[in-house]
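**Q** Enclosed is the structure file target_15.cif (mmCIF, C-alpha atoms and all ligand atoms).
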```cif
data_query
#
loop_
_atom_site.label_atom_id
_atom_site.label_comp_id
_atom_site.auth_asym_id
_atom_site.auth_seq_id
_atom_site.Cartn_x
_atom_site.Cartn_y
_atom_site.Cartn_z
CA MET A 156 -2.89 -19.76 -14.16
CA THR A 157 -2.38 -18.58 -10.58
CA GLU A 158 -1.09 -21.14 -8.10
CA VAL A 159 -2.91 -21.05 -4.76
CA SER A 160 -0.85 -21.72 -1.62
CA PRO A 161 -2.37 -23.93 1.07
CA HIS A 162 -3.51 -22.19 4.24
CA VAL A 163 -5.42 -22.88 7.43
CA ASP A 164 -7.98 -20.59 9.06
CA GLY A 165 -7.32 -17.87 11.62
CA ASN A 166 -8.24 -20.14 14.54
CA SER A 167 -4.68 -21.47 14.27
CA LEU A 168 -3.48 -18.11 15.67
CA ALA A 169 -5.44 -18.42 18.92
CA GLY A 170 -2.86 -20.56 20.73
CA PRO A 171 0.30 -18.64 19.77
CA LEU A 172 -1.34 -15.25 20.40
CA SER A 173 -2.69 -16.34 23.78
CA ASP A 174 0.92 -16.24 24.99
CA ILE A 175 0.90 -12.49 24.34
CA PHE A 176 -2.69 -11.39 24.86
CA ALA A 177 -4.71 -12.20 27.95
CA VAL A 178 -7.98 -12.03 26.05
CA ASP A 179 -9.67 -14.70 23.94
CA MET A 180 -8.11 -14.06 20.52
CA THR A 181 -10.99 -15.78 18.73
CA ARG A 182 -13.01 -12.69 19.68
CA ALA A 183 -10.62 -10.32 17.89
CA TRP A 184 -12.09 -8.57 14.86
CA TRP A 185 -10.21 -7.54 11.71
CA ARG A 186 -11.01 -4.58 9.48
CA CYS A 187 -8.96 -4.39 6.29
CA PRO A 188 -7.80 -0.88 5.34
CA ASP A 189 -7.44 -1.90 1.68
CA CYS A 190 -10.61 -3.76 0.72
CA GLY A 191 -12.84 -2.93 3.70
CA SER A 192 -13.48 -6.57 4.61
CA THR A 193 -14.41 -7.11 8.23
CA GLY A 194 -14.65 -10.29 10.21
CA PRO A 195 -13.33 -12.36 13.06
CA LEU A 196 -9.72 -13.46 13.37
CA ALA A 197 -10.82 -16.93 12.28
CA GLU A 198 -11.56 -15.69 8.75
CA LEU A 199 -7.96 -14.63 8.07
CA HIS A 200 -5.87 -16.92 5.88
CA VAL A 201 -2.82 -18.11 7.80
CA TYR A 202 0.39 -19.29 6.14
CA GLY A 203 3.34 -20.91 7.86
CA PRO A 204 4.61 -22.17 10.22
CA ASP A 205 8.10 -21.31 8.96
CA PRO A 206 9.71 -18.85 9.24
CA GLY A 207 6.63 -17.67 11.17
CA LEU A 208 2.87 -17.33 10.86
CA THR A 209 1.55 -14.77 8.38
CA ALA A 210 -2.16 -13.95 8.43
CA ARG A 211 -3.66 -12.34 5.35
CA CYS A 212 -7.01 -10.72 4.57
CA ALA A 213 -9.38 -13.22 2.98
CA GLY A 214 -10.71 -10.47 0.72
CA CYS A 215 -7.54 -9.06 -0.83
CA ASP A 216 -4.53 -10.93 0.63
CA ARG A 217 -3.15 -7.88 2.52
CA VAL A 218 -0.93 -8.88 5.45
CA ALA A 219 -2.90 -8.50 8.68
CA LEU A 220 -0.21 -9.75 11.04
CA ARG A 221 2.99 -11.68 11.30
CA LEU A 222 3.96 -13.75 14.34
CA VAL A 223 7.45 -15.19 14.64
CA ARG A 224 8.82 -17.17 17.54
CA HIS A 225 12.56 -17.39 17.97
CA GLU A 226 14.03 -19.04 21.04
CA GLN A 227 12.41 -17.22 23.99
CA ASP A 228 11.20 -14.24 21.96
CA THR A 229 7.91 -13.71 20.15
CA TRP A 230 7.83 -11.05 17.45
CA LEU A 231 4.45 -9.63 16.43
CA THR A 232 3.84 -7.23 13.56
CA LEU A 233 0.33 -5.94 12.99
CA GLY A 234 -0.20 -5.06 9.33
CA GLY A 235 1.49 -1.85 8.24
CA ALA A 236 0.23 0.11 11.26
CA GLU A 237 -3.14 0.39 9.48
CA GLY A 238 -6.32 -1.52 10.11
CA ALA A 239 -7.31 -2.55 13.57
CA PHE A 240 -8.13 -5.57 15.71
CA ARG A 241 -11.03 -5.15 18.09
CA PHE A 242 -11.09 -7.04 21.36
CA ARG A 243 -14.23 -7.38 23.39
CA THR A 244 -13.54 -7.77 27.08
CA ALA A 245 -17.14 -7.99 28.22
CA PRO A 246 -19.89 -10.30 26.91
ZN ZN A 301 -8.56 -6.89 2.42
#
```
Output the structure of this file as structure tokens.
**A**
Amino acid sequence: MTEVSPHVDGNSLAGPLSDIFAVDMTRAWWRCPDCGSTGPLAELHVYGPDPGLTARCAGCDRVALRLVRHEQDTWLTLGGAEGAFRFRTAP
């Protein structure tokens, strides 16, 4: 039997990422390079908060991003340099 870890939805990333990005992060779009799933940031599964936030693809569990805050620094890793987030800046 596989144990399922608790997670919250991708909306929990909007606040921490707004410190880095000047756009509305809820409008970011994820495309998974492994399983091909696409969807808004809110559909990612987010684990944390310690040692940081890790967002995973809802389709296959691939890491989409990691966000770690330490003192005055914020460290952001986007997947394995594959996949892409899309940001719309105009309605
Ligand atoms: Zn996937």
**Q** Using only C-alpha atoms, which residue out of A:Leu172, A:Val178, A:Val159, A:Ala210 lies closest to Trp230 in chain A?
**A**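 Closest to Trp230 in chain A of all the choices is A:Leu172.
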**Q** Ligand ZN 301 (chain A): which residues are within 9 Å, counting all atoms listed in the file? Reply as a JSON list (two decimals) with C-alpha atoms, in the coordinates of the input.
**A**
```json
[["chain", "number", "residue", "atom", "x", "y", "z"],
["A", 186, "ARG", "CA", -11.01, -4.58, 9.48],
["A", 187, "CYS", "CA", -8.96, -4.39, 6.29],
["A", 188, "PRO", "CA", -7.80, -0.88, 5.34],
["A", 189, "ASP", "CA", -7.44, -1.90, 1.68],
["A", 190, "CYS", "CA", -10.61, -3.76, 0.72],
["A", 191, "GLY", "CA", -12.84, -2.93, 3.70],
["A", 192, "SER", "CA", -13.48, -6.57, 4.61],
["A", 193, "THR", "CA", -14.41, -7.11, 8.23],
["A", 211, "ARG", "CA", -3.66, -12.34, 5.35],
["A", 212, "CYS", "CA", -7.01, -10.72, 4.57],
["A", 213, "ALA", "CA", -9.38, -13.22, 2.98],
["A", 214, "GLY", "CA", -10.71, -10.47, 0.72],
["A", 215, "CYS", "CA", -7.54, -9.06, -0.83],
["A", 216, "ASP", "CA", -4.53, -10.93, 0.63],
["A", 217, "ARG", "CA", -3.15, -7.88, 2.52],
["A", 218, "VAL", "CA", -0.93, -8.88, 5.45],
["A", 219, "ALA", "CA", -2.90, -8.50, 8.68]]
```
**Q** For Pro204 in chain A, which of A:Leu222, A:Leu231, A:Ala169, A:Ala183 is the closest residue, counting all atoms listed in the file?
**A** A:Leu222
**Q** Find the residues near Pro206 in chain A: any atom within 10 Å, counting all atoms listed in the file, skip ones fewer than 4 places away on the same chain, and give them as a list in words.
**A**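 These residues fall inside the cut-off: Tyr202, Leu222, Val223, Arg224 and His225 of chain A.
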**Q** CA of Asp179 in chain A and CA of Asp205 in chain A, how far apart in Å?
**A**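 One can read the CA of Asp205 in chain A to CA of Asp179 in chain A distance as 24.2 Å.
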**Q** Grab the CA of His200 in chain A to CA of Gln227 in chain A distance for me, in Å with one decimal place.
**A**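 Result for CA of His200 in chain A versus CA of Gln227 in chain A: 25.7 Å, one decimal.
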**Q** Any idea what the distance is between CA of Thr232 in chain A and CA of Asp164 in chain A?
**A**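 Answer for the CA of Thr232 in chain A to CA of Asp164 in chain A separation: 18.4 Å.
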**Q** Just checking: using all atoms listed in the file, which residue out of A:Arg221, A:Arg182, A:Leu196, A:Gly234 ends up closest to Gly165 in chain A?
**A**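 So, comparing all the options, the nearest one is A:Leu196.
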**Q** Nearest to Thr229 in chain A among A:Gly203, A:Ala197, A:Phe176, A:Trp185, with distances taken over all atoms listed in the file: which residue is it?
**A**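 The shortest atom-to-atom distance to Thr229 in chain A comes from A:Phe176.
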**Q** Once 3 Å is added on each side, what centre and edge lengths in Å to one decimal does the axis-aligned box around all listed atoms of range 192-209 of chain A have, as AutoDock Vina command-line options?
**A**
```
--center_x -2.5 --center_y -14.4 --center_z 9.0 --size_x 30.4 --size_y 21.6 --size_z 14.8
```
